[in-house]
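First the structure, in the form of structure tokens, and then the observations on it.
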Amino acid sequence: MANEIKTIGVLTSGGDAPGMNAAIRAVVRKAIQNGARVKGIKKGYQGLLNEEIIDMEARSVSDIIQRGGTILGTARCSEFKTEEGQAKGAEICRKHGIDGIVVIGGDGSYRGAQALARHGINTIGLPGTIDLDIACTDYTIGFDTAVNTAMEAIDKVRDTSSSHERCSIIEVMGRNAGYIALWCGIANGAEDVLIPEKYDYNEQQIINNIISNRKKGKTHHLIINAEGIGHSTSMARRIEAATGVETRATILGYMQRGGSPSCKDRVFASIMGSYAADILCEGKSNRVVGYRDGKFVDYDIEEALQMQKDIPEYDFQVCKLLAR
């Protein structure tokens with residue numbers, strides 16, 4: 001272990017995601033094994049600025065791997081977006097003897113981590129978001145649980161939609177990314193999938209699909225609508241008026257963020273947390289942990305933030321083909 005890394009802080013920032021607790025647990029226990037002390041920072045960057053900082057031991061993270069959410073809490077902090085707030089955060093780290101921090105969150109959290117690194121605090125980012133929208137990694141903590149939660153809920157809505165011969169528009173989360181919608185579109189056999197990356201806002205085409213499918217004898221029509229498009233309720237009213245088919249909108253909302261994490265989210269988050277503690281103790285800083293091509297890797301935060309990510313065209317075409 002690099003001599004200068006004696007105390008590691010860990011925080012969760014932005015939206016919560018299933019598996020964050022598994023990552024916290026791994027960071028704490030691996031850091032302790034590496035000879036470092038660990039401090040938990042509550043409520044993200046806001047908690048850092050408020051000095052809501054606690055000592056953590058191996059027992060502090062007992063019985064949390066199966067729990068959703070984050071035991072440290074999370075919040076969004078506009079003050080930390082300013083140079084003054086960032087400098088204050090770094091000074092508070094030094095005041096509490098924190099040499100390095102593991103930040104678990106999304107792109108916005110990475111920018112905060114990058115700022116701390118500029119102010120001399122060794123920082124490692126972990127991809128914690130259900131949206132799967134971080135370009136440097138094929139996996140983000142929480143996506144697997146969230147997409148399975150959405151899939152199971154959509155199956156239930158589909159049952160009642162068939163019983164009543166309805167059209168159902170189901171809105172899933174994902175912010176400005178369509179990964180949850182795409183995966184559910186394939187997994188749930190949706191007739192239409194609307195995602196920000198591909199949707200051309202041709203509502204008439206959806207109406208034509210519904211009418212065509214009714215003529216073929218289909219008793220329901222399932223539309224998965226991504227959060228980045230939204231307006232599901234007003235869309236349902238327009239479709240019902242145009243088709244004469246009873247249409248209902250269901251917004252799954254925050255249920256997708258909660259719940260006990262899946263096996264994949266527990267295992268991958270644990271490995272990523274351990275990896276972060278290891279490279280931080282080696283003296284690395286301004287890095288982001290990712291999973292690419294079957295391997296756990298790390299990138300410079302600046303490089304990671306400049307990467308672009310898009311929906312794979314083949315996956316999208318498969319989704320459309322199988323809906324026929």
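Chain identifiers are assigned as A, B, and so on, following the order in which chains appear in the structure tokens; residues are numbered from 1 within each chain, and ligands are numbered from 1 in order of appearance.
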Quick one: residues within 6 Å of segment 225-235 of chain A, only C-alpha atoms counted, chain neighbours fewer than 6 positions away excluded, as a list of chain:residue names?
->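 So, after excluding close chain neighbours, the residues are A:Ile170, A:Glu171, A:Val172, A:Met173, A:Gly174, A:Arg175, A:Asn176, A:Gly178, A:Ala181, A:Leu194, A:Ile195, A:Pro196, A:Ala249.
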Export of the given selection (C-alpha atoms) as a PDB file, in the first residue's frame:
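For reference, out-v3.pdb as written:
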ATOM      1  CA  ILE A 170     -45.582   1.564 -19.541  1.00  0.00           C
ATOM      2  CA  GLU A 171     -43.008   4.211 -18.722  1.00  0.00           C
ATOM      3  CA  VAL A 172     -39.687   3.023 -17.328  1.00  0.00           C
ATOM      4  CA  MET A 173     -36.779   4.966 -15.852  1.00  0.00           C
ATOM      5  CA  GLY A 174     -33.416   5.643 -17.444  1.00  0.00           C
ATOM      6  CA  ARG A 175     -33.197   9.431 -17.517  1.00  0.00           C
ATOM      7  CA  ASN A 176     -32.057  10.292 -21.066  1.00  0.00           C
ATOM      8  CA  GLY A 178     -33.094   3.968 -23.311  1.00  0.00           C
ATOM      9  CA  ALA A 181     -36.727   0.389 -22.103  1.00  0.00           C
ATOM     10  CA  LEU A 194     -39.833   4.265 -27.560  1.00  0.00           C
ATOM     11  CA  ILE A 195     -36.309   5.320 -26.604  1.00  0.00           C
ATOM     12  CA  PRO A 196     -34.664   8.771 -26.842  1.00  0.00           C
ATOM     13  CA  ALA A 249     -50.545   4.586 -18.969  1.00  0.00           C
TER      14      ALA A 249
END
Polymer residues at most 10 Å from Phe316 of chain A, only C-alpha atoms, same-chain spacing of 2 or more positions, as a PyMOL selection string | chain A and resi 182-183+185-186+193+195+198+311-314+318-321
Apply DSSP to the structure's backbone, then extract all residues of segment 203-245 of chain A labelled strand (DSSP E) and return them as a CSV table (one decimal) with N, CA and C atoms, in the first residue's frame.
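So states_13.csv came out as:
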chain,number,residue,atom,x,y,z
A,221,HIS,N,-51.9,-4.4,-26.8
A,221,HIS,CA,-50.7,-3.8,-27.4
A,221,HIS,C,-49.9,-3.1,-26.3
A,222,LEU,N,-48.6,-3.6,-26.3
A,222,LEU,CA,-47.8,-3.1,-25.2
A,222,LEU,C,-46.7,-2.1,-25.7
A,223,ILE,N,-46.7,-0.9,-25.2
A,223,ILE,CA,-45.7,0.1,-25.6
A,223,ILE,C,-44.8,0.4,-24.3
A,224,ILE,N,-43.5,0.2,-24.5
A,224,ILE,CA,-42.6,0.5,-23.5
A,224,ILE,C,-42.0,1.9,-23.8
A,225,ASN,N,-42.2,2.9,-22.9
A,225,ASN,CA,-41.9,4.3,-23.1
A,225,ASN,C,-40.8,4.7,-22.2
A,226,ALA,N,-39.6,5.1,-22.7
A,226,ALA,CA,-38.5,5.5,-21.8
A,226,ALA,C,-38.8,6.9,-21.2
Neighbour list for Gly15 of chain A as a PyMOL selection string, cut-off 9 Å, only C-alpha atoms, skip fewer than 6 positions in-chain = chain A and resi 74-76+105-106+128-130+257
From A:His220, A:Arg111, A:Lys42, A:Lys81, residue lying nearest Leu305 of chain A [only C-alpha atoms] |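 Smallest distance to Leu305 of chain A is found for A:Arg111.
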Looking only at the backbone, which of the residues in segment 212-315 of chain A does DSSP tag as alpha helix (DSSP H), as an mmCIF file with N, CA and C atoms, in the first residue's frame?
data_model
loop_
_atom_site.group_PDB
_atom_site.id
_atom_site.type_symbol
_atom_site.label_atom_id
_atom_site.label_comp_id
_atom_site.auth_asym_id
_atom_site.auth_seq_id
_atom_site.Cartn_x
_atom_site.Cartn_y
_atom_site.Cartn_z
ATOM 1 N N SER A 212 -53.385 -2.215 -37.022
ATOM 2 C CA SER A 212 -52.978 -3.394 -37.795
ATOM 3 C C SER A 212 -52.979 -4.652 -36.940
ATOM 4 N N ASN A 213 -52.463 -4.533 -35.716
ATOM 5 C CA ASN A 213 -52.406 -5.704 -34.836
ATOM 6 C C ASN A 213 -53.800 -6.154 -34.403
ATOM 7 N N ARG A 214 -54.724 -5.214 -34.237
ATOM 8 C CA ARG A 214 -56.096 -5.583 -33.897
ATOM 9 C C ARG A 214 -56.720 -6.407 -35.025
ATOM 10 N N LYS A 215 -56.456 -6.008 -36.248
ATOM 11 C CA LYS A 215 -56.985 -6.743 -37.399
ATOM 12 C C LYS A 215 -56.407 -8.157 -37.476
ATOM 13 N N SER A 232 -46.426 9.935 -20.926
ATOM 14 C CA SER A 232 -47.179 8.716 -21.224
ATOM 15 C C SER A 232 -48.680 8.896 -21.092
ATOM 16 N N THR A 233 -49.126 9.663 -20.109
ATOM 17 C CA THR A 233 -50.564 9.833 -19.882
ATOM 18 C C THR A 233 -51.229 10.566 -21.035
ATOM 19 N N SER A 234 -50.632 11.662 -21.484
ATOM 20 C CA SER A 234 -51.210 12.399 -22.612
ATOM 21 C C SER A 234 -51.117 11.583 -23.899
ATOM 22 N N MET A 235 -50.049 10.806 -24.046
ATOM 23 C CA MET A 235 -49.917 9.935 -25.203
ATOM 24 C C MET A 235 -51.047 8.906 -25.218
ATOM 25 N N ALA A 236 -51.361 8.352 -24.042
ATOM 26 C CA ALA A 236 -52.433 7.357 -23.949
ATOM 27 C C ALA A 236 -53.773 7.949 -24.376
ATOM 28 N N ARG A 237 -54.038 9.193 -23.984
ATOM 29 C CA ARG A 237 -55.305 9.837 -24.375
ATOM 30 C C ARG A 237 -55.382 10.023 -25.889
ATOM 31 N N ARG A 238 -54.276 10.431 -26.486
ATOM 32 C CA ARG A 238 -54.281 10.647 -27.933
ATOM 33 C C ARG A 238 -54.464 9.333 -28.693
ATOM 34 N N ILE A 239 -53.789 8.285 -28.224
ATOM 35 C CA ILE A 239 -53.885 6.994 -28.909
ATOM 36 C C ILE A 239 -55.300 6.427 -28.797
ATOM 37 N N GLU A 240 -55.887 6.545 -27.624
ATOM 38 C CA GLU A 240 -57.259 6.039 -27.452
ATOM 39 C C GLU A 240 -58.229 6.792 -28.360
ATOM 40 N N ALA A 241 -58.059 8.086 -28.448
ATOM 41 C CA ALA A 241 -58.944 8.879 -29.308
ATOM 42 C C ALA A 241 -58.778 8.503 -30.775
ATOM 43 N N ALA A 242 -57.562 8.200 -31.178
ATOM 44 C CA ALA A 242 -57.289 7.905 -32.588
ATOM 45 C C ALA A 242 -57.671 6.484 -32.983
ATOM 46 N N THR A 243 -57.582 5.538 -32.042
ATOM 47 C CA THR A 243 -57.797 4.123 -32.373
ATOM 48 C C THR A 243 -59.126 3.571 -31.876
ATOM 49 N N CYS A 263 -28.211 -11.151 -7.809
ATOM 50 C CA CYS A 263 -26.902 -11.790 -7.607
ATOM 51 C C CYS A 263 -25.819 -11.061 -8.395
ATOM 52 N N LYS A 264 -26.118 -10.700 -9.642
ATOM 53 C CA LYS A 264 -25.108 -10.022 -10.468
ATOM 54 C C LYS A 264 -24.721 -8.696 -9.850
ATOM 55 N N ASP A 265 -25.703 -7.912 -9.399
ATOM 56 C CA ASP A 265 -25.378 -6.620 -8.804
ATOM 57 C C ASP A 265 -24.585 -6.781 -7.513
ATOM 58 N N ARG A 266 -24.855 -7.809 -6.740
ATOM 59 C CA ARG A 266 -24.083 -8.030 -5.509
ATOM 60 C C ARG A 266 -22.641 -8.417 -5.833
ATOM 61 N N VAL A 267 -22.474 -9.332 -6.782
ATOM 62 C CA VAL A 267 -21.133 -9.828 -7.099
ATOM 63 C C VAL A 267 -20.297 -8.767 -7.809
ATOM 64 N N PHE A 268 -20.848 -8.154 -8.852
ATOM 65 C CA PHE A 268 -20.093 -7.163 -9.608
ATOM 66 C C PHE A 268 -19.765 -5.937 -8.756
ATOM 67 N N ALA A 269 -20.728 -5.498 -7.943
ATOM 68 C CA ALA A 269 -20.471 -4.348 -7.066
ATOM 69 C C ALA A 269 -19.381 -4.681 -6.050
ATOM 70 N N SER A 270 -19.377 -5.910 -5.562
ATOM 71 C CA SER A 270 -18.356 -6.334 -4.597
ATOM 72 C C SER A 270 -16.965 -6.332 -5.229
ATOM 73 N N ILE A 271 -16.878 -6.839 -6.448
ATOM 74 C CA ILE A 271 -15.575 -6.872 -7.124
ATOM 75 C C ILE A 271 -15.115 -5.454 -7.447
ATOM 76 N N MET A 272 -16.035 -4.629 -7.926
ATOM 77 C CA MET A 272 -15.672 -3.241 -8.247
ATOM 78 C C MET A 272 -15.236 -2.471 -7.010
ATOM 79 N N GLY A 273 -15.936 -2.677 -5.890
ATOM 80 C CA GLY A 273 -15.559 -2.007 -4.648
ATOM 81 C C GLY A 273 -14.187 -2.424 -4.175
ATOM 82 N N SER A 274 -13.904 -3.709 -4.263
ATOM 83 C CA SER A 274 -12.587 -4.217 -3.884
ATOM 84 C C SER A 274 -11.501 -3.666 -4.794
ATOM 85 N N TYR A 275 -11.796 -3.646 -6.077
ATOM 86 C CA TYR A 275 -10.852 -3.119 -7.074
ATOM 87 C C TYR A 275 -10.542 -1.654 -6.781
ATOM 88 N N ALA A 276 -11.568 -0.881 -6.468
ATOM 89 C CA ALA A 276 -11.376 0.542 -6.176
ATOM 90 C C ALA A 276 -10.477 0.744 -4.965
ATOM 91 N N ALA A 277 -10.712 -0.031 -3.898
ATOM 92 C CA ALA A 277 -9.888 0.086 -2.697
ATOM 93 C C ALA A 277 -8.437 -0.277 -3.000
ATOM 94 N N ASP A 278 -8.246 -1.303 -3.820
ATOM 95 C CA ASP A 278 -6.891 -1.731 -4.160
ATOM 96 C C ASP A 278 -6.127 -0.653 -4.925
ATOM 97 N N ILE A 279 -6.738 -0.109 -5.991
ATOM 98 C CA ILE A 279 -5.986 0.849 -6.803
ATOM 99 C C ILE A 279 -5.809 2.177 -6.055
ATOM 100 N N LEU A 280 -6.747 2.491 -5.169
ATOM 101 C CA LEU A 280 -6.584 3.704 -4.368
ATOM 102 C C LEU A 280 -5.407 3.536 -3.410
ATOM 103 N N CYS A 281 -5.322 2.366 -2.813
ATOM 104 C CA CYS A 281 -4.213 2.105 -1.890
ATOM 105 C C CYS A 281 -2.876 1.993 -2.614
ATOM 106 N N ILE A 301 -10.569 9.579 -15.332
ATOM 107 C CA ILE A 301 -11.912 10.153 -15.311
ATOM 108 C C ILE A 301 -12.154 11.050 -16.524
ATOM 109 N N GLU A 302 -11.162 11.849 -16.887
ATOM 110 C CA GLU A 302 -11.315 12.742 -18.036
ATOM 111 C C GLU A 302 -11.597 11.944 -19.298
ATOM 112 N N GLU A 303 -10.845 10.856 -19.492
ATOM 113 C CA GLU A 303 -11.053 9.988 -20.654
ATOM 114 C C GLU A 303 -12.451 9.373 -20.614
ATOM 115 N N ALA A 304 -12.864 8.928 -19.417
ATOM 116 C CA ALA A 304 -14.170 8.289 -19.277
ATOM 117 C C ALA A 304 -15.305 9.250 -19.598
ATOM 118 N N LEU A 305 -15.193 10.494 -19.142
ATOM 119 C CA LEU A 305 -16.260 11.465 -19.361
ATOM 120 C C LEU A 305 -16.367 11.890 -20.826
ATOM 121 N N GLN A 306 -15.290 11.731 -21.569
ATOM 122 C CA GLN A 306 -15.308 12.113 -22.983
ATOM 123 C C GLN A 306 -15.852 11.001 -23.882
ATOM 124 N N GLU A 313 -27.210 -0.722 -32.589
ATOM 125 C CA GLU A 313 -28.207 -0.765 -33.658
ATOM 126 C C GLU A 313 -28.768 -2.172 -33.854
ATOM 127 N N TYR A 314 -27.902 -3.172 -33.751
ATOM 128 C CA TYR A 314 -28.374 -4.551 -33.945
ATOM 129 C C TYR A 314 -29.391 -4.929 -32.871
ATOM 130 N N ASP A 315 -29.107 -4.559 -31.618
ATOM 131 C CA ASP A 315 -30.033 -4.852 -30.526
ATOM 132 C C ASP A 315 -31.395 -4.210 -30.777
#
Straight-line distance linking atom CA of Ser168 of chain A with atom CA of Asn188 of chain A, stated in Å to one decimal | 12.5 Å
Could you work out how far atom CA of Gly19 of chain A lies from atom CA of Leu72 of chain A, giving the answer in Å with one decimal?
->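 Rounded to one decimal, the two atoms are 12.7 Å apart.
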Non-local contacts of His164 of chain A (12 Å; only C-alpha atoms; under 2 positions in same chain excluded) as a ChimeraX atom specification = /A:157-162,166-168,218-221,245-248
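Take atom CA of Ile141 of chain A and atom CA of Ile169 of chain A: the distance between them is 26.9 Å.
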Residue contacts of Gly44 of chain A (9 Å, only C-alpha atoms) excluding same-chain residues fewer than 4 positions away, as a list in words | Val10, Leu11, Thr12, Ser13, Gly14, Leu48, Leu49, Leu72, Gly73, Thr74, Ala75, Arg76, Cys77, Val103 and Ser109 of chain A
For the selection just defined, write its residues with C-alpha atoms to a file, as a tab-separated table (two decimals), in the first residue's frame.
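Okay, this is what ended up in again25.tsv:
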chain	number	residue	atom	x	y	z
A	10	VAL	CA	-16.48	6.34	0.80
A	11	LEU	CA	-19.65	8.09	-0.34
A	12	THR	CA	-22.65	7.48	-2.57
A	13	SER	CA	-23.92	10.31	-4.75
A	14	GLY	CA	-26.84	11.03	-7.06
A	48	LEU	CA	-19.07	15.96	2.98
A	49	LEU	CA	-19.60	19.73	3.10
A	72	LEU	CA	-24.76	6.07	3.72
A	73	GLY	CA	-27.64	7.96	2.14
A	74	THR	CA	-27.37	10.12	-0.94
A	75	ALA	CA	-28.24	13.63	-2.05
A	76	ARG	CA	-27.62	16.08	-4.85
A	77	CYS	CA	-25.50	19.11	-3.99
A	103	VAL	CA	-17.22	7.85	-5.01
A	109	SER	CA	-20.62	12.16	-9.30
Taking into account only C-alpha atoms, which residue in the set A:Val27, A:Ile121, A:Met20, A:Ala115 is nearest to Arg94 of chain A?
-> A:Ile121
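All residues of protein, DNA or RNA that reach within 8 Å of Thr137 of chain A, judged by only C-alpha atoms and not counting those fewer than 5 positions away in the chain, are A:Pro127, A:Gly290, A:Tyr291, A:Arg292.
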Selection above as a file: C-alpha atoms, as a tab-separated table (two decimals), in the first residue's frame:
chain	number	residue	atom	x	y	z
A	127	PRO	CA	-20.38	3.35	-11.75
A	290	GLY	CA	-15.46	-0.16	-15.27
A	291	TYR	CA	-16.29	-3.53	-16.80
A	292	ARG	CA	-15.35	-3.95	-20.46
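Counting only C-alpha atoms and comparing A:Ile5, A:Lys88, A:Asp63, A:Ala135, the residue that lies closest to Gln46 of chain A is A:Lys88.
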Using only C-alpha atoms, which residue out of A:Asn286, A:Asn50, A:Gln317, A:Thr70 lies closest to Ala23 of chain A?
->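 Using only C-alpha atoms, Ala23 of chain A sits closest to A:Thr70.
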Surrounding residues of Asp310 of chain A excluding itself and chain neighbours under 6 positions, 9 Å, only C-alpha atoms, as a ChimeraX atom specification | /A:133,135,177,197
Closest to Met56 of chain A among A:Val28, A:Ile124, A:Leu132, A:Ile210, using only C-alpha atoms?
-> A:Val28
A:Ala113, A:Ala58, A:Ala150, A:Ile134 ranked by distance to Gly253 of chain A, top pick (using only C-alpha atoms) =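 Among A:Ala113, A:Ala58, A:Ala150, A:Ile134, it is A:Ala150 that comes nearest to Gly253 of chain A.
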